[in-house]
$ cat query.pdb   # PDB, C-alpha atoms and all ligand atoms
ATOM      1  CA  MET O  12     -53.183  27.786 -28.528
ATOM      2  CA  GLN O  13     -51.892  26.495 -25.209
ATOM      3  CA  ARG O  14     -50.081  23.188 -25.518
ATOM      4  CA  LEU O  15     -52.027  21.265 -22.851
ATOM      5  CA  GLU O  16     -55.468  22.730 -23.361
ATOM      6  CA  SER O  17     -58.189  20.086 -22.823
ATOM      7  CA  ARG O  18     -55.755  17.757 -21.004
ATOM      8  CA  HIS O  19     -56.154  16.497 -17.457
ATOM      9  CA  ALA O  20     -52.773  15.939 -15.797
ATOM     10  CA  LEU O  21     -52.305  14.047 -12.553
ATOM     11  CA  LEU O  22     -49.028  14.903 -10.828
ATOM     12  CA  THR O  23     -47.666  12.908  -7.898
ATOM     13  CA  GLY O  24     -45.235  14.499  -5.451
ATOM     14  CA  ALA O  25     -46.812  17.779  -6.523
ATOM     15  CA  GLY O  26     -45.934  19.478  -3.228
ATOM     16  CA  GLY O  27     -42.189  19.013  -3.790
ATOM     17  CA  GLY O  28     -39.726  21.142  -5.726
ATOM     18  CA  ILE O  29     -40.059  19.713  -9.236
ATOM     19  CA  GLY O  30     -43.712  18.662  -8.839
ATOM     20  CA  LEU O  31     -44.748  22.173  -7.890
ATOM     21  CA  ALA O  32     -42.843  23.813 -10.772
ATOM     22  CA  VAL O  33     -44.353  21.390 -13.289
ATOM     23  CA  THR O  34     -47.862  21.832 -11.877
ATOM     24  CA  GLU O  35     -47.454  25.561 -12.436
ATOM     25  CA  ALA O  36     -46.172  24.988 -15.996
ATOM     26  CA  TYR O  37     -49.018  22.598 -16.878
ATOM     27  CA  LEU O  38     -51.552  25.128 -15.591
ATOM     28  CA  ALA O  39     -49.892  27.854 -17.679
ATOM     29  CA  GLU O  40     -50.301  25.592 -20.740
ATOM     30  CA  GLY O  41     -54.035  25.281 -20.120
ATOM     31  CA  ALA O  42     -54.226  21.848 -18.430
ATOM     32  CA  ARG O  43     -56.596  20.852 -15.690
ATOM     33  CA  CYS O  44     -54.416  19.435 -12.914
ATOM     34  CA  THR O  45     -54.846  17.054 -10.009
ATOM     35  CA  ALA O  46     -51.955  17.604  -7.623
ATOM     36  CA  VAL O  47     -51.255  14.586  -5.415
ATOM     37  CA  ASP O  48     -48.949  14.398  -2.426
ATOM     38  CA  VAL O  49     -48.645  12.401   0.779
ATOM     39  CA  ALA O  50     -49.072  15.505   2.970
ATOM     40  CA  ALA O  51     -52.517  15.792   4.565
ATOM     41  CA  GLN O  52     -52.764  19.428   3.502
ATOM     42  CA  PRO O  53     -51.057  21.199   0.589
ATOM     43  CA  GLY O  54     -48.045  23.284   1.641
ATOM     44  CA  PRO O  55     -48.087  27.098   1.289
ATOM     45  CA  ALA O  56     -46.823  27.210  -2.329
ATOM     46  CA  LEU O  57     -49.351  24.653  -3.558
ATOM     47  CA  ALA O  58     -52.107  26.295  -1.476
ATOM     48  CA  SER O  59     -51.352  29.588  -3.203
ATOM     49  CA  LEU O  60     -51.634  27.902  -6.639
ATOM     50  CA  LEU O  61     -54.958  26.380  -5.531
ATOM     51  CA  ALA O  62     -56.219  29.806  -4.484
ATOM     52  CA  ARG O  63     -55.340  31.226  -7.917
ATOM     53  CA  HIS O  64     -56.444  28.288 -10.113
ATOM     54  CA  GLY O  65     -59.197  26.585  -8.095
ATOM     55  CA  ASP O  66     -61.298  26.029 -11.221
ATOM     56  CA  ARG O  67     -58.534  23.966 -12.892
ATOM     57  CA  LEU O  68     -56.506  22.624  -9.953
ATOM     58  CA  ALA O  69     -57.472  20.131  -7.256
ATOM     59  CA  TYR O  70     -55.442  18.630  -4.430
ATOM     60  CA  LEU O  71     -55.771  14.983  -3.426
ATOM     61  CA  GLN O  72     -53.859  13.490  -0.528
ATOM     62  CA  ALA O  73     -52.486  10.020  -1.284
ATOM     63  CA  ASP O  74     -49.588   7.782  -0.395
ATOM     64  CA  VAL O  75     -48.492   6.118  -3.647
ATOM     65  CA  THR O  76     -47.280   3.060  -1.725
ATOM     66  CA  ARG O  77     -50.873   2.288  -0.645
ATOM     67  CA  LEU O  78     -51.740   0.195  -3.671
ATOM     68  CA  ASP O  79     -55.282  -0.468  -2.441
ATOM     69  CA  THR O  80     -56.078   3.254  -2.725
ATOM     70  CA  LEU O  81     -54.713   3.982  -6.211
ATOM     71  CA  ALA O  82     -57.787   3.018  -8.240
ATOM     72  CA  ALA O  83     -59.917   5.319  -6.076
ATOM     73  CA  LEU O  84     -57.312   8.071  -6.430
ATOM     74  CA  VAL O  85     -57.353   8.025 -10.239
ATOM     75  CA  ASP O  86     -61.146   7.597 -10.388
ATOM     76  CA  GLY O  87     -61.584  10.420  -7.855
ATOM     77  CA  ALA O  88     -59.435  12.712  -9.994
ATOM     78  CA  ALA O  89     -61.530  11.826 -13.054
ATOM     79  CA  VAL O  90     -64.783  12.757 -11.310
ATOM     80  CA  ARG O  91     -63.642  16.378 -11.130
ATOM     81  CA  PHE O  92     -61.727  16.845 -14.396
ATOM     82  CA  GLY O  93     -62.393  13.799 -16.643
ATOM     83  CA  THR O  94     -60.111  10.900 -17.583
ATOM     84  CA  VAL O  95     -56.460  11.495 -16.711
ATOM     85  CA  ASP O  96     -54.593  11.964 -20.052
ATOM     86  CA  VAL O  97     -51.223  12.989 -18.663
ATOM     87  CA  LEU O  98     -49.402  11.501 -15.689
ATOM     88  CA  PHE O  99     -46.384  13.299 -14.222
ATOM     89  CA  ASN O 100     -45.195  10.369 -12.125
ATOM     90  CA  ASN O 101     -42.825  12.155  -9.807
ATOM     91  CA  ALA O 102     -43.198  11.145  -6.119
ATOM     92  CA  ALA O 103     -39.977   9.683  -4.754
ATOM     93  CA  VAL O 104     -37.730   9.555  -1.710
ATOM     94  CA  PHE O 105     -33.953   9.612  -1.403
ATOM     95  CA  ASP O 106     -31.692   7.800   1.006
ATOM     96  CA  MET O 107     -28.088   6.668   1.023
ATOM     97  CA  ALA O 108     -25.504   4.874   3.122
ATOM     98  CA  PRO O 109     -22.271   2.978   2.628
ATOM     99  CA  LEU O 110     -23.009  -0.222   0.699
ATOM    100  CA  LEU O 111     -22.453  -2.576   3.643
ATOM    101  CA  GLU O 112     -24.895  -0.517   5.738
ATOM    102  CA  SER O 113     -27.596  -0.205   3.027
ATOM    103  CA  ASP O 114     -30.068  -2.397   4.839
ATOM    104  CA  ALA O 115     -33.410  -3.956   3.957
ATOM    105  CA  ALA O 116     -35.397  -1.199   5.670
ATOM    106  CA  MET O 117     -33.769   1.413   3.429
ATOM    107  CA  TYR O 118     -34.288  -0.803   0.384
ATOM    108  CA  GLU O 119     -37.996  -1.175   1.178
ATOM    109  CA  ARG O 120     -38.512   2.526   1.876
ATOM    110  CA  VAL O 121     -36.846   3.573  -1.374
ATOM    111  CA  PHE O 122     -38.249   0.849  -3.618
ATOM    112  CA  ASP O 123     -41.775   1.133  -2.163
ATOM    113  CA  VAL O 124     -42.148   4.741  -3.296
ATOM    114  CA  ASN O 125     -39.752   5.038  -6.233
ATOM    115  CA  VAL O 126     -40.515   1.735  -7.962
ATOM    116  CA  LYS O 127     -43.673   0.095  -6.599
ATOM    117  CA  GLY O 128     -45.621   3.340  -6.198
ATOM    118  CA  MET O 129     -44.339   4.658  -9.532
ATOM    119  CA  PHE O 130     -45.329   1.493 -11.401
ATOM    120  CA  PHE O 131     -48.782   1.003  -9.882
ATOM    121  CA  VAL O 132     -49.832   4.654 -10.225
ATOM    122  CA  MET O 133     -48.811   4.388 -13.879
ATOM    123  CA  GLN O 134     -50.727   1.115 -14.262
ATOM    124  CA  ALA O 135     -53.887   2.620 -12.738
ATOM    125  CA  VAL O 136     -53.768   5.574 -15.157
ATOM    126  CA  LEU O 137     -52.969   3.345 -18.151
ATOM    127  CA  ALA O 138     -55.821   0.928 -17.378
ATOM    128  CA  ARG O 139     -58.341   3.762 -17.562
ATOM    129  CA  LEU O 140     -56.872   5.214 -20.742
ATOM    130  CA  VAL O 141     -56.960   1.799 -22.435
ATOM    131  CA  ALA O 142     -60.539   1.202 -21.236
ATOM    132  CA  THR O 143     -61.712   4.510 -22.680
ATOM    133  CA  GLY O 144     -59.612   4.259 -25.860
ATOM    134  CA  ARG O 145     -58.085   7.681 -25.264
ATOM    135  CA  PRO O 146     -54.509   8.591 -26.189
ATOM    136  CA  GLY O 147     -52.254   9.798 -23.411
ATOM    137  CA  SER O 148     -48.784  10.611 -22.212
ATOM    138  CA  ILE O 149     -46.924   9.334 -19.170
ATOM    139  CA  VAL O 150     -43.849  11.147 -17.876
ATOM    140  CA  ASN O 151     -41.936   9.185 -15.248
ATOM    141  CA  LEU O 152     -39.213  10.773 -13.132
ATOM    142  CA  ALA O 153     -35.963   8.863 -13.362
ATOM    143  CA  SER O 154     -32.602  10.450 -12.499
ATOM    144  CA  GLN O 155     -29.014  10.679 -13.636
ATOM    145  CA  ALA O 156     -28.593   8.279 -10.692
ATOM    146  CA  GLY O 157     -30.403   5.673 -12.783
ATOM    147  CA  ARG O 158     -27.720   5.872 -15.497
ATOM    148  CA  ARG O 159     -24.743   4.951 -13.315
ATOM    149  CA  GLY O 160     -24.268   3.413  -9.874
ATOM    150  CA  GLU O 161     -22.766   5.314  -6.951
ATOM    151  CA  ALA O 162     -20.915   3.707  -4.054
ATOM    152  CA  LEU O 163     -22.990   5.453  -1.390
ATOM    153  CA  VAL O 164     -26.324   5.511  -3.207
ATOM    154  CA  ALA O 165     -26.983   1.905  -4.290
ATOM    155  CA  HIS O 166     -30.714   1.562  -3.517
ATOM    156  CA  TYR O 167     -31.736   4.952  -4.934
ATOM    157  CA  CYS O 168     -29.629   4.473  -8.099
ATOM    158  CA  ALA O 169     -31.148   1.023  -8.648
ATOM    159  CA  SER O 170     -34.662   2.384  -8.076
ATOM    160  CA  LYS O 171     -34.138   5.007 -10.779
ATOM    161  CA  ALA O 172     -32.649   2.445 -13.201
ATOM    162  CA  ALA O 173     -35.897   0.536 -12.651
ATOM    163  CA  VAL O 174     -37.888   3.643 -13.636
ATOM    164  CA  ILE O 175     -35.993   3.760 -16.949
ATOM    165  CA  SER O 176     -36.690   0.067 -17.586
ATOM    166  CA  TYR O 177     -40.409   0.247 -16.679
ATOM    167  CA  THR O 178     -40.706   3.277 -18.962
ATOM    168  CA  GLN O 179     -39.392   1.230 -21.880
ATOM    169  CA  SER O 180     -41.613  -1.807 -21.176
ATOM    170  CA  ALA O 181     -44.741   0.290 -20.661
ATOM    171  CA  ALA O 182     -44.031   2.300 -23.828
ATOM    172  CA  LEU O 183     -43.895  -0.904 -25.881
ATOM    173  CA  ALA O 184     -47.042  -2.317 -24.248
ATOM    174  CA  MET O 185     -48.966   0.926 -24.743
ATOM    175  CA  ALA O 186     -47.818   1.909 -28.250
ATOM    176  CA  PRO O 187     -50.778   0.143 -29.938
ATOM    177  CA  HIS O 188     -53.098   2.193 -27.704
ATOM    178  CA  ARG O 189     -51.599   5.554 -28.798
ATOM    179  CA  ILE O 190     -50.274   6.105 -25.287
ATOM    180  CA  ARG O 191     -46.689   7.337 -25.060
ATOM    181  CA  VAL O 192     -44.483   6.632 -22.058
ATOM    182  CA  ASN O 193     -41.261   8.576 -21.504
ATOM    183  CA  ALA O 194     -39.080   9.577 -18.585
ATOM    184  CA  ILE O 195     -37.033  12.573 -17.548
ATOM    185  CA  ALA O 196     -33.658  12.056 -15.883
ATOM    186  CA  PRO O 197     -32.864  15.244 -13.971
ATOM    187  CA  GLY O 198     -29.309  15.967 -12.887
ATOM    188  CA  VAL O 199     -28.840  17.978  -9.696
ATOM    189  CA  ILE O 200     -31.847  20.201  -9.062
ATOM    190  CA  ASP O 201     -32.109  22.558  -6.101
ATOM    191  CA  THR O 202     -35.208  21.235  -4.299
ATOM    192  CA  PRO O 203     -36.133  20.174  -0.749
ATOM    193  CA  MET O 204     -34.881  16.680  -1.658
ATOM    194  CA  TRP O 205     -31.377  18.057  -2.213
ATOM    195  CA  GLN O 206     -31.289  19.571   1.282
ATOM    196  CA  GLY O 207     -31.507  16.003   2.594
ATOM    197  CA  VAL O 208     -29.032  14.717   0.013
ATOM    198  CA  ASP O 209     -26.510  17.382   1.030
ATOM    199  CA  ALA O 210     -26.861  16.513   4.735
ATOM    200  CA  LEU O 211     -26.318  12.803   4.020
ATOM    201  CA  PHE O 212     -23.211  13.458   1.896
ATOM    202  CA  ALA O 213     -21.920  15.741   4.668
ATOM    203  CA  ARG O 214     -22.280  12.867   7.114
ATOM    204  CA  TYR O 215     -20.720  10.143   4.972
ATOM    205  CA  GLU O 216     -18.013  12.179   3.221
ATOM    206  CA  GLY O 217     -17.091  14.366   6.220
ATOM    207  CA  LEU O 218     -18.102  17.599   4.470
ATOM    208  CA  ALA O 219     -19.442  20.849   5.862
ATOM    209  CA  PRO O 220     -23.173  21.457   5.293
ATOM    210  CA  GLY O 221     -23.671  22.964   1.831
ATOM    211  CA  GLU O 222     -20.260  21.837   0.544
ATOM    212  CA  LYS O 223     -21.589  18.965  -1.578
ATOM    213  CA  LYS O 224     -24.218  21.186  -3.177
ATOM    214  CA  ILE O 225     -21.569  23.700  -4.216
ATOM    215  CA  ALA O 226     -19.315  20.947  -5.577
ATOM    216  CA  VAL O 227     -22.007  19.209  -7.652
ATOM    217  CA  GLY O 228     -23.158  22.555  -9.051
ATOM    218  CA  LYS O 229     -19.621  23.475 -10.138
ATOM    219  CA  ALA O 230     -19.177  20.071 -11.791
ATOM    220  CA  VAL O 231     -22.190  20.530 -14.110
ATOM    221  CA  PRO O 232     -21.013  21.447 -17.643
ATOM    222  CA  LEU O 233     -23.454  24.384 -17.687
ATOM    223  CA  GLY O 234     -21.855  25.527 -14.426
ATOM    224  CA  HIS O 235     -24.649  25.390 -11.851
ATOM    225  CA  MET O 236     -27.372  23.252 -10.268
ATOM    226  CA  GLY O 237     -30.711  23.274 -12.013
ATOM    227  CA  ALA O 238     -33.796  24.988 -10.621
ATOM    228  CA  PRO O 239     -37.113  23.096 -10.452
ATOM    229  CA  ALA O 240     -38.402  25.244 -13.334
ATOM    230  CA  ASP O 241     -35.582  23.869 -15.519
ATOM    231  CA  ILE O 242     -37.503  20.585 -15.648
ATOM    232  CA  ALA O 243     -40.762  22.257 -16.721
ATOM    233  CA  GLY O 244     -39.921  22.689 -20.424
ATOM    234  CA  ALA O 245     -39.177  18.993 -20.913
ATOM    235  CA  ALA O 246     -42.210  18.038 -18.809
ATOM    236  CA  VAL O 247     -44.546  20.140 -20.976
ATOM    237  CA  PHE O 248     -42.904  18.947 -24.206
ATOM    238  CA  LEU O 249     -43.235  15.238 -23.321
ATOM    239  CA  ALA O 250     -46.848  15.699 -22.198
ATOM    240  CA  SER O 251     -47.857  17.595 -25.332
ATOM    241  CA  ASP O 252     -48.378  16.660 -28.981
ATOM    242  CA  GLU O 253     -45.051  18.308 -29.808
ATOM    243  CA  SER O 254     -43.473  14.994 -28.787
ATOM    244  CA  SER O 255     -46.050  12.864 -30.618
ATOM    245  CA  TYR O 256     -43.407  10.605 -32.254
ATOM    246  CA  ILE O 257     -41.349  10.121 -29.079
ATOM    247  CA  THR O 258     -41.891   7.153 -26.794
ATOM    248  CA  ALA O 259     -39.798   4.814 -24.592
ATOM    249  CA  GLN O 260     -37.158   7.527 -24.104
ATOM    250  CA  THR O 261     -35.473   8.900 -21.011
ATOM    251  CA  LEU O 262     -34.542  12.516 -21.590
ATOM    252  CA  ASN O 263     -31.557  13.857 -19.629
ATOM    253  CA  VAL O 264     -32.280  17.330 -18.233
ATOM    254  CA  ASP O 265     -29.057  17.857 -16.366
ATOM    255  CA  GLY O 266     -26.950  20.691 -17.758
ATOM    256  CA  GLY O 267     -24.783  18.218 -19.658
ATOM    257  CA  ASN O 268     -23.864  15.802 -16.840
ATOM    258  CA  VAL O 269     -24.823  12.654 -18.752
ATOM    259  CA  MET O 270     -24.338  12.109 -22.478
ATOM    260  CA  SER O 271     -26.321   9.304 -24.069
TER     261      SER O 271
HETATM  262  N1  LIG E   1     -33.748  17.150  -6.983
HETATM  263  C1  LIG E   1     -32.901  16.462  -7.750
HETATM  264  O1  LIG E   1     -31.709  16.797  -7.857
HETATM  265  C2  LIG E   1     -33.371  15.263  -8.511
HETATM  266  C3  LIG E   1     -32.455  14.655  -9.353
HETATM  267  C4  LIG E   1     -32.855  13.549 -10.096
HETATM  268  C5  LIG E   1     -34.142  13.064  -9.975
HETATM  269  N2  LIG E   1     -35.013  13.664  -9.135
HETATM  270  C6  LIG E   1     -36.356  13.092  -9.065
HETATM  271  O2  LIG E   1     -37.299  14.108  -9.339
HETATM  272  C7  LIG E   1     -38.518  13.834  -8.608
HETATM  273  C8  LIG E   1     -38.897  15.052  -7.775
HETATM  274  O3  LIG E   1     -37.835  15.326  -6.873
HETATM  275  P1  LIG E   1     -37.751  16.650  -5.996
HETATM  276  O4  LIG E   1     -36.314  16.990  -5.930
HETATM  277  O5  LIG E   1     -38.762  17.628  -6.432
HETATM  278  O6  LIG E   1     -38.135  16.023  -4.576
HETATM  279  P2  LIG E   1     -38.971  16.626  -3.353
HETATM  280  O7  LIG E   1     -38.540  15.853  -2.161
HETATM  281  O8  LIG E   1     -38.869  18.103  -3.335
HETATM  282  O9  LIG E   1     -40.466  16.211  -3.753
HETATM  283  C9  LIG E   1     -40.908  14.889  -3.692
HETATM  284  C10 LIG E   1     -42.367  14.915  -3.294
HETATM  285  O10 LIG E   1     -42.844  13.560  -3.276
HETATM  286  C11 LIG E   1     -43.710  13.424  -2.170
HETATM  287  N3  LIG E   1     -43.792  12.028  -1.752
HETATM  288  C12 LIG E   1     -42.829  11.297  -1.143
HETATM  289  N4  LIG E   1     -43.298  10.080  -0.835
HETATM  290  C13 LIG E   1     -44.580  10.029  -1.283
HETATM  291  C14 LIG E   1     -45.591   9.044  -1.252
HETATM  292  N5  LIG E   1     -45.378   7.853  -0.685
HETATM  293  N6  LIG E   1     -46.789   9.317  -1.820
HETATM  294  C15 LIG E   1     -47.030  10.535  -2.391
HETATM  295  N7  LIG E   1     -46.103  11.520  -2.423
HETATM  296  C16 LIG E   1     -44.897  11.272  -1.865
HETATM  297  C17 LIG E   1     -43.079  14.294  -1.089
HETATM  298  O11 LIG E   1     -44.015  14.628  -0.079
HETATM  299  C18 LIG E   1     -42.597  15.489  -1.900
HETATM  300  O12 LIG E   1     -43.561  16.521  -1.951
HETATM  301  C19 LIG E   1     -38.223  12.579  -7.800
HETATM  302  O13 LIG E   1     -38.676  11.459  -8.530
HETATM  303  C20 LIG E   1     -36.722  12.560  -7.705
HETATM  304  O14 LIG E   1     -36.205  11.267  -7.464
HETATM  305  C21 LIG E   1     -34.662  14.749  -8.404
END
$ encode --input "query.pdb" --output "structure tokens" --more "lines below"
Ligand SMILES: NC(=O)c1ccc[n+]([C@@H]2O[C@H](COP(=O)([O-])OP(=O)(O)OC[C@H]3O[C@@H](n4cnc5c(N)ncnc54)[C@H](O)[C@@H]3O)[C@@H](O)[C@H]2O)c1
Amino acid sequence: MQRLESRHALLTGAGGGIGLAVTEAYLAEGARCTAVDVAAQPGPALASLLARHGDRLAYLQADVTRLDTLAALVDGAAVRFGTVDVLFNNAAVFDMAPLLESDAAMYERVFDVNVKGMFFVMQAVLARLVATGRPGSIVNLASQAGRRGEALVAHYCASKAAVISYTQSAALAMAPHRIRVNAIAPGVIDTPMWQGVDALFARYEGLAPGEKKIAVGKAVPLGHMGAPADIAGAAVFLASDESSYITAQTLNVDGGNVMS
């Protein structure tokens, strides 16, 4: 028995490193998947998954910051594969700067996607689950950055702390409806996002390109950066009935970086 058979999962940021790996894992566990990303067309890796799993995988272009489009997005996904039971709420952007230069434009860019988009996609999925009386599971993507501030990363860290808090509030609100809401806090995972992170640290800490990536990998207790697939096990577990008595939690998947 596959663990997500008969589930319909909607994954945002599905064209990125972690989103793609989790889409693949959900498909392997028997789910029907709607992959959502802001890109007009799926990138090569997602296109190849679509070619192999076209009967159980659809791609929908959407910008999660466009709140007026989210109801149509979730309803559109349901037309193809039925009510969304699992949300992998993963789309996000990263930016950083010294605190005194962390301006309002950066704040808006980061909070629009990571907090506003995250919350209202979740709300749109929850509203439909409550209306149909179906159980469900939400998995929000937080970060180790949401556990502790960083001098150069104030807006992003705060946005991920907000993900942890919204996860707790939504879990309490949804518990009577048999809908569980949890989050994953990845550590340092080698994805396209980290290429940008590395370049920004190089600029602000005067490092050579690639130097920060090597340093953060060495500092992980397990000795290396994670791969996107390292998030897949937790993502499947939290989506499936194996975690049926777990809600309101943020699970660290970080090689031992954070202990809580
Ligand atoms: N990579 C890491 O080390 C790391 C660490 C902690 C947390 N995270 C979190 O994990 C999640 C996935 O990160 P990743 O490393 O795979 O990033 P990524 O940059 O590889 O993927 C993010 C995806 O989100 C999409 N996206 C961005 N803005 C969007 C929007 N407005 N609407 C729809 N889609 C949008 C991008 O197009 C991209 O495909 C994010 O929430 C990130 O904050 C990542």
$ closest_atom_pairs --input "query.pdb" --of "chain O" --to "ligand LIG 1 (chain E)" --cutoff "8 Å" --atoms "all atoms listed in the file" --output "JSON lines"
{"residue": "O:Thr23", "atom": "CA", "partner": "E:LIG1", "partner_atom": "N7", "distance": 5.9}
{"residue": "O:Gly24", "atom": "CA", "partner": "E:LIG1", "partner_atom": "O10", "distance": 3.4}
{"residue": "O:Ala25", "atom": "CA", "partner": "E:LIG1", "partner_atom": "O12", "distance": 5.7}
{"residue": "O:Gly26", "atom": "CA", "partner": "E:LIG1", "partner_atom": "O12", "distance": 4.0}
{"residue": "O:Gly27", "atom": "CA", "partner": "E:LIG1", "partner_atom": "O9", "distance": 3.3}
{"residue": "O:Gly28", "atom": "CA", "partner": "E:LIG1", "partner_atom": "O5", "distance": 3.7}
{"residue": "O:Ile29", "atom": "CA", "partner": "E:LIG1", "partner_atom": "O5", "distance": 3.7}
{"residue": "O:Gly30", "atom": "CA", "partner": "E:LIG1", "partner_atom": "O5", "distance": 5.6}
{"residue": "O:Leu31", "atom": "CA", "partner": "E:LIG1", "partner_atom": "O5", "distance": 7.7}
{"residue": "O:Val47", "atom": "CA", "partner": "E:LIG1", "partner_atom": "C15", "distance": 6.6}
{"residue": "O:Asp48", "atom": "CA", "partner": "E:LIG1", "partner_atom": "N7", "distance": 4.0}
{"residue": "O:Val49", "atom": "CA", "partner": "E:LIG1", "partner_atom": "C15", "distance": 4.0}
{"residue": "O:Ala50", "atom": "CA", "partner": "E:LIG1", "partner_atom": "O11", "distance": 6.0}
{"residue": "O:Gln72", "atom": "CA", "partner": "E:LIG1", "partner_atom": "C15", "distance": 7.7}
{"residue": "O:Ala73", "atom": "CA", "partner": "E:LIG1", "partner_atom": "C15", "distance": 5.6}
{"residue": "O:Asp74", "atom": "CA", "partner": "E:LIG1", "partner_atom": "N6", "distance": 3.5}
{"residue": "O:Val75", "atom": "CA", "partner": "E:LIG1", "partner_atom": "N6", "distance": 4.1}
{"residue": "O:Thr76", "atom": "CA", "partner": "E:LIG1", "partner_atom": "N5", "distance": 5.3}
{"residue": "O:Arg77", "atom": "CA", "partner": "E:LIG1", "partner_atom": "N5", "distance": 7.8}
{"residue": "O:Asn100", "atom": "CA", "partner": "E:LIG1", "partner_atom": "O13", "distance": 7.5}
{"residue": "O:Asn101", "atom": "CA", "partner": "E:LIG1", "partner_atom": "O13", "distance": 4.4}
{"residue": "O:Ala102", "atom": "CA", "partner": "E:LIG1", "partner_atom": "O10", "distance": 3.7}
{"residue": "O:Ala103", "atom": "CA", "partner": "E:LIG1", "partner_atom": "O13", "distance": 4.4}
{"residue": "O:Val104", "atom": "CA", "partner": "E:LIG1", "partner_atom": "C12", "distance": 5.4}
{"residue": "O:Phe105", "atom": "CA", "partner": "E:LIG1", "partner_atom": "O14", "distance": 6.7}
{"residue": "O:Asp123", "atom": "CA", "partner": "E:LIG1", "partner_atom": "N5", "distance": 7.8}
{"residue": "O:Val124", "atom": "CA", "partner": "E:LIG1", "partner_atom": "N5", "distance": 5.2}
{"residue": "O:Asn125", "atom": "CA", "partner": "E:LIG1", "partner_atom": "O13", "distance": 6.9}
{"residue": "O:Gly128", "atom": "CA", "partner": "E:LIG1", "partner_atom": "N5", "distance": 7.1}
{"residue": "O:Asn151", "atom": "CA", "partner": "E:LIG1", "partner_atom": "O13", "distance": 7.8}
{"residue": "O:Leu152", "atom": "CA", "partner": "E:LIG1", "partner_atom": "O13", "distance": 4.7}
{"residue": "O:Ala153", "atom": "CA", "partner": "E:LIG1", "partner_atom": "C5", "distance": 5.7}
{"residue": "O:Ser154", "atom": "CA", "partner": "E:LIG1", "partner_atom": "C4", "distance": 3.9}
{"residue": "O:Gln155", "atom": "CA", "partner": "E:LIG1", "partner_atom": "C4", "distance": 6.0}
{"residue": "O:Ala156", "atom": "CA", "partner": "E:LIG1", "partner_atom": "C4", "distance": 6.8}
{"residue": "O:Lys171", "atom": "CA", "partner": "E:LIG1", "partner_atom": "O14", "distance": 7.4}
{"residue": "O:Ala196", "atom": "CA", "partner": "E:LIG1", "partner_atom": "C5", "distance": 6.0}
{"residue": "O:Pro197", "atom": "CA", "partner": "E:LIG1", "partner_atom": "C4", "distance": 4.2}
{"residue": "O:Gly198", "atom": "CA", "partner": "E:LIG1", "partner_atom": "C3", "distance": 4.9}
{"residue": "O:Val199", "atom": "CA", "partner": "E:LIG1", "partner_atom": "O1", "distance": 3.6}
{"residue": "O:Ile200", "atom": "CA", "partner": "E:LIG1", "partner_atom": "O1", "distance": 3.6}
{"residue": "O:Asp201", "atom": "CA", "partner": "E:LIG1", "partner_atom": "N1", "distance": 5.7}
{"residue": "O:Thr202", "atom": "CA", "partner": "E:LIG1", "partner_atom": "O4", "distance": 4.7}
{"residue": "O:Pro203", "atom": "CA", "partner": "E:LIG1", "partner_atom": "O8", "distance": 4.3}
{"residue": "O:Met204", "atom": "CA", "partner": "E:LIG1", "partner_atom": "O7", "distance": 3.8}
{"residue": "O:Trp205", "atom": "CA", "partner": "E:LIG1", "partner_atom": "N1", "distance": 5.4}
{"residue": "O:Gly237", "atom": "CA", "partner": "E:LIG1", "partner_atom": "O1", "distance": 7.8}
{"residue": "O:Pro239", "atom": "CA", "partner": "E:LIG1", "partner_atom": "O5", "distance": 7.0}
$ resolve_selection --input "query.pdb" --expression "the PyMOL selection byres (((chain O and resi 257-261) around 12) and not hetatm)" --output "PyMOL selection string"
chain O and resi 147-155+157-158+171-187+189-197+245-246+248-256+262-265+269-271
$ resolve_selection --input "query.pdb" --expression "the PyMOL selection byres (((chain O and resi 139) around 10) and not hetatm)" --output "VMD selection string"
chain O and resid 82 85 to 86 89 94 to 96 134 to 138 140 to 145
$ atom_distance --input "query.pdb" --atom1 "CA of Asp66 in chain O" --atom2 "CA of His19 in chain O"
12.5 Å
$ atom_distance --input "query.pdb" --atom1 "CA of Ala39 in chain O" --atom2 "CA of Arg14 in chain O"
9.1 Å
$ decode --input "query.pdb" --residues "range 153-160 of chain O" --atoms "N, CA and C atoms" --output "mmCIF file, in the first residue's frame"
data_model
loop_
_atom_site.group_PDB
_atom_site.id
_atom_site.type_symbol
_atom_site.label_atom_id
_atom_site.label_comp_id
_atom_site.auth_asym_id
_atom_site.auth_seq_id
_atom_site.Cartn_x
_atom_site.Cartn_y
_atom_site.Cartn_z
ATOM 1 N N ALA O 153 8.973 26.109 6.658
ATOM 2 C CA ALA O 153 9.633 27.126 7.485
ATOM 3 C C ALA O 153 11.119 27.059 7.158
ATOM 4 N N SER O 154 11.970 27.215 8.165
ATOM 5 C CA SER O 154 13.419 27.160 7.958
ATOM 6 C C SER O 154 14.099 27.209 9.312
ATOM 7 N N GLN O 155 15.344 26.728 9.357
ATOM 8 C CA GLN O 155 16.114 26.959 10.588
ATOM 9 C C GLN O 155 16.252 28.467 10.818
ATOM 10 N N ALA O 156 16.134 29.251 9.741
ATOM 11 C CA ALA O 156 16.209 30.711 9.869
ATOM 12 C C ALA O 156 15.039 31.272 10.676
ATOM 13 N N GLY O 157 13.964 30.509 10.784
ATOM 14 C CA GLY O 157 12.818 30.947 11.569
ATOM 15 C C GLY O 157 12.974 30.664 13.056
ATOM 16 N N ARG O 158 14.026 29.942 13.426
ATOM 17 C CA ARG O 158 14.270 29.578 14.829
ATOM 18 C C ARG O 158 15.159 30.593 15.533
ATOM 19 N N ARG O 159 15.923 31.369 14.753
ATOM 20 C CA ARG O 159 16.937 32.244 15.338
ATOM 21 C C ARG O 159 17.248 33.345 14.334
ATOM 22 N N GLY O 160 17.327 34.588 14.807
ATOM 23 C CA GLY O 160 17.647 35.686 13.898
ATOM 24 C C GLY O 160 19.085 35.614 13.403
#
